[in-house]
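One file, protein_39.tsv, carrying TSV, C-alpha atoms:
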```tsv
chain	number	residue	atom	x	y	z
A	249	MET	CA	0.00	0.00	0.00
A	250	LYS	CA	1.27	3.45	-0.87
A	251	ILE	CA	0.05	6.53	1.02
A	252	GLU	CA	0.67	9.72	-0.92
A	253	LEU	CA	0.59	12.46	1.69
A	254	LYS	CA	-0.06	15.17	-0.90
A	255	LYS	CA	-3.58	13.75	-1.16
A	256	PHE	CA	-4.19	15.10	2.36
A	257	GLY	CA	-2.77	18.51	1.40
A	258	THR	CA	0.63	20.03	0.80
A	259	THR	CA	0.79	22.12	4.00
A	260	LEU	CA	0.39	19.56	6.78
A	261	ILE	CA	0.59	21.49	10.01
A	262	SER	CA	-2.23	21.20	12.51
A	263	ARG	CA	-2.85	18.46	15.05
A	264	GLN	CA	-6.54	18.66	14.23
A	265	THR	CA	-6.14	17.95	10.49
A	266	GLY	CA	-3.54	15.25	11.23
A	267	LYS	CA	-6.12	13.54	13.43
A	268	GLU	CA	-8.80	13.89	10.75
A	269	ALA	CA	-6.47	12.44	8.12
A	270	TYR	CA	-5.69	9.45	10.35
A	271	ASN	CA	-9.37	8.78	11.09
A	272	ALA	CA	-10.24	9.06	7.41
A	273	PHE	CA	-7.52	6.59	6.50
A	274	LEU	CA	-8.21	4.11	9.31
A	275	PRO	CA	-10.63	1.87	7.33
A	276	SER	CA	-7.96	1.38	4.62
A	277	LEU	CA	-5.33	0.58	7.24
A	278	ARG	CA	-7.55	-2.02	8.85
A	279	SER	CA	-7.74	-3.92	5.61
A	280	ILE	CA	-4.01	-4.48	5.16
A	281	SER	CA	-2.33	-7.73	6.08
A	282	SER	CA	0.56	-7.97	8.53
A	283	GLN	CA	2.91	-8.86	5.64
A	284	GLU	CA	2.06	-5.94	3.38
A	285	GLU	CA	4.46	-3.03	3.11
A	286	ILE	CA	3.13	0.50	3.82
A	287	ILE	CA	5.00	3.14	1.83
A	288	ILE	CA	4.45	6.71	2.94
A	289	ASP	CA	5.42	9.11	0.17
A	290	PHE	CA	6.26	12.77	0.98
A	291	THR	CA	6.46	13.92	-2.67
A	292	GLU	CA	5.14	17.48	-3.13
A	293	VAL	CA	4.62	18.07	0.60
A	294	ASN	CA	5.63	21.69	1.13
A	295	THR	CA	5.50	21.95	4.91
A	296	PHE	CA	5.23	19.16	7.45
A	297	SER	CA	5.07	19.83	11.18
A	298	PRO	CA	5.51	17.68	14.30
A	299	SER	CA	1.87	18.29	15.35
A	300	TRP	CA	0.45	16.83	12.12
A	301	GLY	CA	3.07	14.12	11.99
A	302	ASP	CA	2.43	13.01	15.56
A	303	GLU	CA	-1.27	12.52	14.90
A	304	PHE	CA	-0.89	10.66	11.59
A	305	LEU	CA	2.56	9.23	11.05
A	306	THR	CA	3.43	8.21	14.62
A	307	LYS	CA	0.14	6.39	15.03
A	308	ILE	CA	0.63	4.40	11.81
A	309	ILE	CA	4.26	3.59	12.55
A	310	LYS	CA	3.51	2.48	16.11
A	311	LYS	CA	0.86	0.10	14.81
A	312	HIS	CA	2.75	-1.18	11.79
A	313	LYS	CA	6.37	-0.55	12.79
A	314	ASN	CA	8.09	-3.22	10.71
A	315	GLN	CA	5.94	-2.70	7.64
A	316	THR	CA	6.33	1.05	7.15
A	317	LYS	CA	8.80	2.78	4.85
A	318	LEU	CA	9.09	6.56	4.32
A	319	ILE	CA	10.15	7.85	0.92
A	320	ASN	CA	11.00	11.23	-0.68
A	321	THR	CA	11.77	12.90	2.64
A	322	GLN	CA	14.24	15.54	1.35
A	323	ASN	CA	12.13	18.58	2.29
A	324	LEU	CA	13.75	20.31	5.30
A	325	SER	CA	10.62	20.43	7.45
A	326	VAL	CA	10.00	16.74	6.71
A	327	LYS	CA	13.58	15.79	7.67
A	328	ASN	CA	13.54	17.78	10.91
A	329	THR	CA	10.06	16.67	11.92
A	330	LEU	CA	10.92	12.99	11.38
A	331	SER	CA	14.07	13.36	13.46
A	332	LEU	CA	12.11	14.97	16.34
A	333	LEU	CA	9.35	12.36	16.21
A	334	GLU	CA	11.96	9.60	16.36
A	335	ASP	CA	13.45	11.14	19.51
A	336	ILE	CA	10.14	11.84	21.25
A	337	ASN	CA	8.75	8.39	20.59
A	338	LYS	CA	12.10	6.60	20.92
A	339	ILE	CA	11.64	4.72	17.66
A	340	LYS	CA	13.70	4.57	14.51
A	341	PHE	CA	11.79	5.15	11.29
A	342	ASN	CA	12.58	3.21	8.14
A	343	ILE	CA	13.54	6.10	5.85
A	344	GLU	CA	14.67	5.39	2.29
A	345	SER	CA	17.93	7.24	1.71
B	222	MET	CA	-13.87	51.26	-4.38
B	223	ASN	CA	-15.32	51.03	-0.87
B	224	TYR	CA	-14.13	53.60	1.61
B	225	LEU	CA	-14.05	53.25	5.37
B	226	THR	CA	-15.33	55.97	7.64
B	227	SER	CA	-12.84	57.36	10.15
B	228	GLY	CA	-14.60	55.31	12.87
B	229	GLN	CA	-14.18	52.10	10.88
B	230	ALA	CA	-10.57	52.97	10.07
B	231	SER	CA	-9.66	53.71	13.69
B	232	SER	CA	-11.31	50.47	14.79
B	233	LEU	CA	-9.24	48.54	12.22
B	234	LEU	CA	-6.11	50.25	13.50
B	235	GLY	CA	-7.03	49.61	17.13
B	236	ILE	CA	-6.80	53.31	18.05
B	237	SER	CA	-9.26	56.01	19.01
B	238	ASN	CA	-10.84	58.40	16.53
B	239	ASP	CA	-8.95	61.28	18.21
B	240	THR	CA	-5.60	59.54	17.62
B	241	LEU	CA	-6.49	58.99	13.98
B	242	ARG	CA	-7.32	62.70	13.68
B	243	ARG	CA	-3.94	63.59	15.22
B	244	TRP	CA	-2.20	61.25	12.77
B	245	ASP	CA	-3.97	63.04	9.93
B	246	LYS	CA	-2.84	66.47	11.21
B	247	LYS	CA	0.75	65.26	11.62
B	248	GLY	CA	0.70	63.71	8.15
B	249	GLN	CA	1.33	60.26	9.63
B	250	LEU	CA	-1.72	58.71	7.98
B	251	LYS	CA	-3.77	60.86	5.64
B	252	PRO	CA	-7.34	60.05	4.57
B	253	ASN	CA	-7.85	59.08	0.93
B	254	LYS	CA	-10.93	61.25	0.54
B	255	ILE	CA	-12.54	64.13	2.43
B	256	ASP	CA	-16.18	65.04	1.88
B	257	LYS	CA	-16.12	68.76	1.14
B	258	LYS	CA	-19.58	69.38	2.58
B	259	THR	CA	-19.32	67.42	5.82
B	260	SER	CA	-15.50	67.30	6.25
B	261	TYR	CA	-15.87	63.58	6.96
B	262	ARG	CA	-12.65	61.67	6.28
B	263	TYR	CA	-12.61	58.38	4.39
B	264	TYR	CA	-9.87	55.75	4.11
B	265	LYS	CA	-9.18	52.85	1.76
B	266	GLU	CA	-8.99	49.57	3.68
B	267	GLU	CA	-5.94	48.54	1.66
B	268	ASN	CA	-4.10	51.69	2.78
B	269	ILE	CA	-4.92	51.03	6.42
B	270	ASN	CA	-3.66	47.45	6.14
B	271	ASN	CA	-0.47	48.52	4.36
B	272	TYR	CA	0.13	51.14	7.04
B	273	LEU	CA	-0.25	48.50	9.77
B	274	LYS	CA	2.15	46.16	7.98
B	275	SER	CA	4.75	48.92	7.80
B	276	LEU	CA	4.72	49.38	11.60
B	277	ASP	CA	6.88	47.50	14.10
B	278	ILE	CA	4.82	44.31	14.29
B	279	PHE	CA	6.71	43.05	17.33
B	280	LYS	CA	5.88	46.21	19.25
B	281	LEU	CA	2.21	45.91	18.29
B	282	ALA	CA	2.12	42.29	19.50
B	283	PHE	CA	4.01	43.14	22.69
B	284	ILE	CA	1.60	45.92	23.57
B	285	TRP	CA	-1.37	43.67	22.83
B	286	ALA	CA	-0.05	40.72	24.83
B	287	LYS	CA	0.85	42.69	27.95
B	288	ASN	CA	-2.10	45.06	27.96
B	289	LYS	CA	-4.19	44.72	31.13
B	290	LYS	CA	-7.24	45.71	29.12
B	291	ALA	CA	-8.43	42.78	27.03
B	292	LYS	CA	-9.05	43.81	23.45
B	293	GLU	CA	-8.91	41.99	20.13
B	294	PRO	CA	-5.79	42.80	18.10
B	295	GLN	CA	-5.96	44.65	14.78
B	296	LYS	CA	-8.16	42.67	12.37
B	297	ILE	CA	-5.35	42.12	9.86
B	298	PHE	CA	-3.23	40.33	12.51
B	299	TYR	CA	-6.01	38.51	14.35
B	300	CYS	CA	-6.56	34.75	13.92
B	301	ASN	CA	-9.50	33.74	16.08
B	302	ASN	CA	-9.50	30.09	15.03
B	303	ILE	CA	-7.08	27.40	13.78
B	304	SER	CA	-8.60	27.26	10.30
B	305	PHE	CA	-7.94	30.95	9.73
B	306	LEU	CA	-4.40	30.63	11.10
B	307	SER	CA	-3.78	27.67	8.77
B	308	TYR	CA	-5.01	29.74	5.83
B	309	LYS	CA	-2.64	32.59	6.78
B	310	LEU	CA	0.28	30.20	7.26
B	311	THR	CA	-0.32	28.75	3.78
B	312	LYS	CA	-0.38	32.29	2.37
B	313	PHE	CA	2.92	33.02	4.16
B	314	GLU	CA	4.40	29.77	2.81
B	315	ASN	CA	3.32	30.64	-0.75
B	316	GLU	CA	4.86	34.11	-0.52
B	317	LEU	CA	8.18	32.70	0.69
B	318	MET	CA	8.25	29.96	-1.95
B	319	LYS	CA	8.21	32.58	-4.69
B	320	ILE	CA	11.48	34.06	-3.38
B	321	ASN	CA	14.56	32.21	-4.56
B	322	GLU	CA	16.45	32.90	-1.35
B	323	PHE	CA	13.85	30.98	0.68
B	324	LYS	CA	13.31	28.09	-1.72
B	325	GLU	CA	14.50	25.60	0.90
B	326	SER	CA	14.05	27.38	4.22
B	327	TYR	CA	10.40	28.35	3.59
B	328	SER	CA	9.23	25.04	5.03
B	329	LEU	CA	11.25	25.52	8.23
B	330	LEU	CA	9.84	29.00	8.78
B	331	THR	CA	6.27	27.91	8.08
B	332	SER	CA	6.51	24.84	10.31
B	333	MET	CA	8.04	26.83	13.20
B	334	ALA	CA	5.32	29.47	13.01
B	335	ALA	CA	2.73	26.68	12.80
B	336	GLU	CA	4.06	24.89	15.87
B	337	ILE	CA	4.04	28.05	17.98
B	338	GLY	CA	0.69	29.36	16.69
B	339	ILE	CA	-1.27	26.13	16.62
B	340	ASN	CA	-0.02	25.10	20.06
B	341	SER	CA	-1.50	28.32	21.43
B	342	PHE	CA	-4.88	27.04	20.29
B	343	ASP	CA	-4.32	23.44	21.38
B	344	HIS	CA	-3.46	24.45	24.93
B	345	ASN	CA	-6.03	27.14	25.48
B	346	LEU	CA	-9.09	25.72	23.79
B	347	GLY	CA	-12.06	26.37	26.08
B	348	ASN	CA	-9.75	28.03	28.62
B	349	TRP	CA	-8.82	31.36	27.09
B	350	PRO	CA	-8.61	33.85	29.98
B	351	ASP	CA	-10.03	36.71	27.88
B	352	ILE	CA	-9.38	37.05	24.12
B	353	PRO	CA	-9.49	33.76	22.22
B	354	GLY	CA	-7.04	33.31	19.36
B	355	ILE	CA	-3.68	34.71	18.42
B	356	PHE	CA	-1.83	37.63	16.88
B	357	PHE	CA	0.10	36.50	13.79
B	358	ALA	CA	2.11	38.86	11.60
B	359	TYR	CA	5.14	38.69	9.37
B	360	ASN	CA	7.31	41.03	7.40
B	361	ILE	CA	9.36	39.21	4.78
B	362	LYS	CA	11.31	42.34	3.87
B	363	ASN	CA	12.38	42.81	7.50
B	364	ARG	CA	12.67	39.04	7.95
B	365	THR	CA	10.48	38.78	11.00
B	366	ILE	CA	7.60	36.61	12.16
B	367	VAL	CA	5.63	37.52	15.27
B	368	LEU	CA	3.12	35.37	17.15
B	369	ALA	CA	1.38	36.16	20.43
B	370	ASP	CA	-1.50	34.93	22.55
B	371	ARG	CA	-3.23	36.04	25.74
B	372	GLY	CA	-3.60	32.45	26.91
B	373	GLN	CA	-2.53	30.76	30.12
B	374	GLY	CA	1.19	30.81	29.40
B	375	ILE	CA	3.80	28.07	29.59
B	376	LEU	CA	3.98	27.82	33.40
B	377	ARG	CA	0.28	27.19	33.90
B	378	THR	CA	0.06	24.81	30.94
B	379	LEU	CA	3.08	22.73	31.96
B	380	SER	CA	2.07	22.70	35.63
B	381	ARG	CA	-0.77	20.35	34.68
B	382	VAL	CA	1.73	17.60	33.93
B	383	LYS	CA	4.61	18.84	36.10
B	384	PRO	CA	3.05	20.41	39.21
B	385	ASP	CA	6.40	21.16	40.91
B	386	ILE	CA	7.59	23.83	38.49
B	387	LYS	CA	8.47	26.93	40.51
B	388	ASN	CA	8.40	29.82	38.07
B	389	ASP	CA	8.10	31.05	34.47
B	390	GLN	CA	11.85	30.69	33.87
B	391	GLU	CA	11.93	27.04	34.91
B	392	ALA	CA	8.80	26.33	32.87
B	393	LEU	CA	10.31	27.88	29.75
B	394	ASN	CA	13.51	25.91	30.23
B	395	ILE	CA	11.57	22.64	30.49
B	396	ALA	CA	9.43	23.49	27.47
B	397	PHE	CA	12.51	23.99	25.31
B	398	THR	CA	14.66	21.17	26.64
B	399	GLU	CA	12.80	18.23	28.19
B	400	ILE	CA	10.91	15.71	26.15
B	401	VAL	CA	7.49	15.61	27.68
B	402	SER	CA	5.68	12.33	27.01
B	403	GLY	CA	4.39	12.31	23.43
B	404	ARG	CA	0.89	11.34	24.52
B	405	ALA	CA	0.62	13.43	27.66
B	406	PRO	CA	-1.96	16.19	27.44
B	407	GLU	CA	0.95	18.62	27.13
B	408	SER	CA	2.58	18.66	23.73
B	409	ARG	CA	3.50	22.32	23.41
B	410	GLY	CA	6.89	21.46	24.88
B	411	ASN	CA	7.65	19.16	21.96
B	412	GLY	CA	6.72	21.81	19.42
B	413	LEU	CA	9.08	24.26	21.08
B	414	LYS	CA	11.86	21.69	20.98
B	415	TYR	CA	11.33	21.46	17.23
B	416	VAL	CA	11.66	25.25	17.04
B	417	LYS	CA	14.85	25.08	19.13
B	418	ARG	CA	16.39	22.49	16.81
B	419	ILE	CA	15.68	24.55	13.73
B	420	ILE	CA	16.88	27.84	15.22
B	421	THR	CA	20.13	26.43	16.60
B	422	LYS	CA	21.09	24.64	13.41
B	423	THR	CA	20.16	27.29	10.86
B	424	ASP	CA	22.43	30.18	10.03
B	425	ASN	CA	20.81	33.62	10.50
B	426	PHE	CA	17.78	32.32	12.42
B	427	SER	CA	17.05	33.58	15.92
B	428	LEU	CA	14.17	33.47	18.38
B	429	LYS	CA	12.95	35.60	21.24
B	430	PHE	CA	10.26	33.93	23.30
B	431	TYR	CA	8.39	35.45	26.24
B	432	SER	CA	5.94	33.90	28.69
B	433	GLY	CA	5.03	35.37	32.07
B	434	THR	CA	8.17	37.14	33.26
B	435	ALA	CA	10.56	34.83	31.37
B	436	GLU	CA	12.44	35.89	28.25
B	437	LEU	CA	14.47	33.51	26.14
B	438	PHE	CA	16.88	34.37	23.36
B	439	LEU	CA	18.14	31.65	21.04
B	440	LYS	CA	20.29	31.76	17.95
B	441	HIS	CA	22.33	29.64	15.56
B	442	GLN	CA	24.74	27.21	17.30
B	443	ASP	CA	23.57	28.07	20.83
B	444	LYS	CA	24.14	25.15	23.18
B	445	ASN	CA	22.63	26.58	26.35
B	446	LEU	CA	19.43	28.51	26.84
B	447	LYS	CA	19.67	32.11	27.97
B	448	ILE	CA	16.57	32.84	30.02
B	449	LYS	CA	16.22	36.20	31.71
B	450	THR	CA	13.61	37.72	33.98
B	451	LYS	CA	11.64	40.63	32.55
B	452	LYS	CA	9.77	43.33	34.42
B	453	ASP	CA	6.95	43.36	31.88
B	454	LYS	CA	4.71	40.36	32.27
B	455	ILE	CA	3.33	38.71	29.14
B	456	LYS	CA	-0.03	37.13	29.87
B	457	GLY	CA	0.36	34.21	27.49
B	458	CYS	CA	3.20	33.75	25.01
B	459	LEU	CA	4.98	36.04	22.59
B	460	ALA	CA	7.47	34.91	19.96
B	461	LEU	CA	9.69	36.80	17.55
B	462	ILE	CA	11.48	34.79	14.86
B	463	ARG	CA	14.16	36.53	12.80
B	464	PHE	CA	15.46	34.93	9.63
```
Output the file's structure in the form of structure tokens.
Amino acid sequence: MKIELKKFGTTLISRQTGKEAYNAFLPSLRSISSQEEIIIDFTEVNTFSPSWGDEFLTKIIKKHKNQTKLINTQNLSVKNTLSLLEDINKIKFNIES
Amino acid sequence: MNYLTSGQASSLLGISNDTLRRWDKKGQLKPNKIDKKTSYRYYKEENINNYLKSLDIFKLAFIWAKNKKAKEPQKIFYCNNISFLSYKLTKFENELMKINEFKESYSLLTSMAAEIGINSFDHNLGNWPDIPGIFFAYNIKNRTIVLADRGQGILRTLSRVKPDIKNDQEALNIAFTEIVSGRAPESRGNGLKYVKRIITKTDNFSLKFYSGTAELFLKHQDKNLKIKTKKDKIKGCLALIRF
């Protein structure tokens, strides 16, 4: 399964919209098997903040830790937000270099 | 073209009609039209907004945040809900993206402003002491972003999860340095740590942050926090980002 974050918007900043995005995507997440890979693609995301990321990304990664891969994370706000979320939650994300 | 009456213009500026009249006499802000029969003065809204943008936005926010009298800030700087703040942040992001110099750093500036501004809402929702919402202004030419709220401030917010905090200075230090549990009700601290990371690792970025009587100054490559005690008390939080 590939999640293209740009489909939720290109300025992903508020906790509230992060929560809404997660709830909207929950039915799709429930349908995936424990073997299936979840690719989260940051292409065309302009701004990504820890508040949005904590509500969407952290929840998915905590649930599907070994299945999730993050791609196209070059944007500076994406890089820095991922690094902070890793520290806060004490988990290492699988980021494609 | 719609014109504003002097009453409407002074309300937009957050000043009295008498002050606006004095500004007219001094040539500080002239009306765009005067009715010859009644001598009523009329102003273009665009001119009023441009005038406000040309002022010292930090000073305007500082005065608003510390004022004992609760009053909404000037309309052009006032975000009374998260949706409107998000709209203004996207506008700010779009303006920066068009400038070659900010083609990479735009996302850092937008995300820092978002973390500070949106956290004001997250931590004061339903508990605003007087004026709900925040002051948000920026001046790309002067490379400044200003955010302020008249909320409960860092000390009161953090005391909910850390009741032993003694004062504003200690609270500000914790907010910028300690990782507060990701799922605790308090998450403002984590947002401020994000801001600290960006400021300290980016050349030319700096931050002044005020809450209660505490004042923090942070810049590129700073290792330790410099937190001072101020005489002027800020009711909620006030932030100035320079870039």
Computed interatomic separation between CA of Ile286 (chain A) and CA of Ile251 (chain A) (Å):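 One can read the CA of Ile286 (chain A) to CA of Ile251 (chain A) distance as 7.3 Å.
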Residues of chain A within 10 Å of chain B, all atoms listed in the file counted, as a PDB file with C-alpha atoms, in the coordinates of the input:
```pdb
ATOM      1  CA  THR A 258       0.630  20.030   0.800  1.00  0.00           C
ATOM      2  CA  THR A 259       0.790  22.120   4.000  1.00  0.00           C
ATOM      3  CA  LEU A 260       0.390  19.560   6.780  1.00  0.00           C
ATOM      4  CA  ILE A 261       0.590  21.490  10.010  1.00  0.00           C
ATOM      5  CA  SER A 262      -2.230  21.200  12.510  1.00  0.00           C
ATOM      6  CA  ARG A 263      -2.850  18.460  15.050  1.00  0.00           C
ATOM      7  CA  GLN A 264      -6.540  18.660  14.230  1.00  0.00           C
ATOM      8  CA  THR A 265      -6.140  17.950  10.490  1.00  0.00           C
ATOM      9  CA  VAL A 293       4.620  18.070   0.600  1.00  0.00           C
ATOM     10  CA  ASN A 294       5.630  21.690   1.130  1.00  0.00           C
ATOM     11  CA  THR A 295       5.500  21.950   4.910  1.00  0.00           C
ATOM     12  CA  PHE A 296       5.230  19.160   7.450  1.00  0.00           C
ATOM     13  CA  SER A 297       5.070  19.830  11.180  1.00  0.00           C
ATOM     14  CA  PRO A 298       5.510  17.680  14.300  1.00  0.00           C
ATOM     15  CA  SER A 299       1.870  18.290  15.350  1.00  0.00           C
ATOM     16  CA  TRP A 300       0.450  16.830  12.120  1.00  0.00           C
ATOM     17  CA  ASP A 302       2.430  13.010  15.560  1.00  0.00           C
ATOM     18  CA  GLU A 303      -1.270  12.520  14.900  1.00  0.00           C
ATOM     19  CA  THR A 306       3.430   8.210  14.620  1.00  0.00           C
ATOM     20  CA  ASN A 323      12.130  18.580   2.290  1.00  0.00           C
ATOM     21  CA  LEU A 324      13.750  20.310   5.300  1.00  0.00           C
ATOM     22  CA  SER A 325      10.620  20.430   7.450  1.00  0.00           C
ATOM     23  CA  VAL A 326      10.000  16.740   6.710  1.00  0.00           C
ATOM     24  CA  ASN A 328      13.540  17.780  10.910  1.00  0.00           C
ATOM     25  CA  THR A 329      10.060  16.670  11.920  1.00  0.00           C
ATOM     26  CA  SER A 331      14.070  13.360  13.460  1.00  0.00           C
ATOM     27  CA  LEU A 332      12.110  14.970  16.340  1.00  0.00           C
ATOM     28  CA  LEU A 333       9.350  12.360  16.210  1.00  0.00           C
ATOM     29  CA  ASP A 335      13.450  11.140  19.510  1.00  0.00           C
ATOM     30  CA  ILE A 336      10.140  11.840  21.250  1.00  0.00           C
ATOM     31  CA  ASN A 337       8.750   8.390  20.590  1.00  0.00           C
ATOM     32  CA  LYS A 338      12.100   6.600  20.920  1.00  0.00           C
TER      33      LYS A 338
END
```
Pairwise distance for CA of Lys255 (chain A) and CA of Arg278 (chain A), rounded to one decimal in Å: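 These atoms are spaced 19.1 Å apart.
For the pair CA of Thr240 (chain B) and CA of Asn223 (chain B), the separation is 22.6 Å.
Minimum distance to Lys296 (chain B) across B:Asn238, B:Asn321, B:Thr421, B:Ser232 (counting all atoms listed in the file) occurs at B:Ser232.
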Nearest to Arg364 (chain B) by atom-to-atom distance, counting only C-alpha atoms, from B:Lys258, B:Lys456, B:Arg463, B:Lys319: B:Arg463
Polymer residues at most 8 Å from Phe304 (chain A), only C-alpha atoms, same-chain spacing of 4 or more positions, as a ChimeraX atom specification: /A:266-267,269-270,300,308
Distance query Ala282 (chain B) at most 8 Å, all atoms listed in the file, self and fewer than 4 positions along chain excluded, as a list of chain:residue names: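 Once the adjacent positions are removed, what remains is B:Ile278, B:Ala286, B:Phe356, B:Val367, B:Leu368, B:Ala369, B:Leu459.
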Applying 7 Å and all atoms listed in the file, which residues near Cys458 (chain B) remain after dropping the ones on its own chain fewer than 4 positions away? List them as a compact mmCIF listing (two decimals) with C-alpha atoms, keeping the file's coordinate frame.
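Saved file selection_24.txt follows:
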```txt
# COMPACT_ATOMS: atom_id res chain seq x y z
CA ALA B 369 1.38 36.16 20.43
CA ASP B 370 -1.50 34.93 22.55
CA ARG B 371 -3.23 36.04 25.74
CA GLY B 374 1.19 30.81 29.40
CA TYR B 431 8.39 35.45 26.24
CA SER B 432 5.94 33.90 28.69
```
Residues near Ile462 (chain B), cut-off 7 Å, all atoms listed in the file, skip fewer than 5 positions along chain, as a ChimeraX atom specification: /B:365-367,427-429
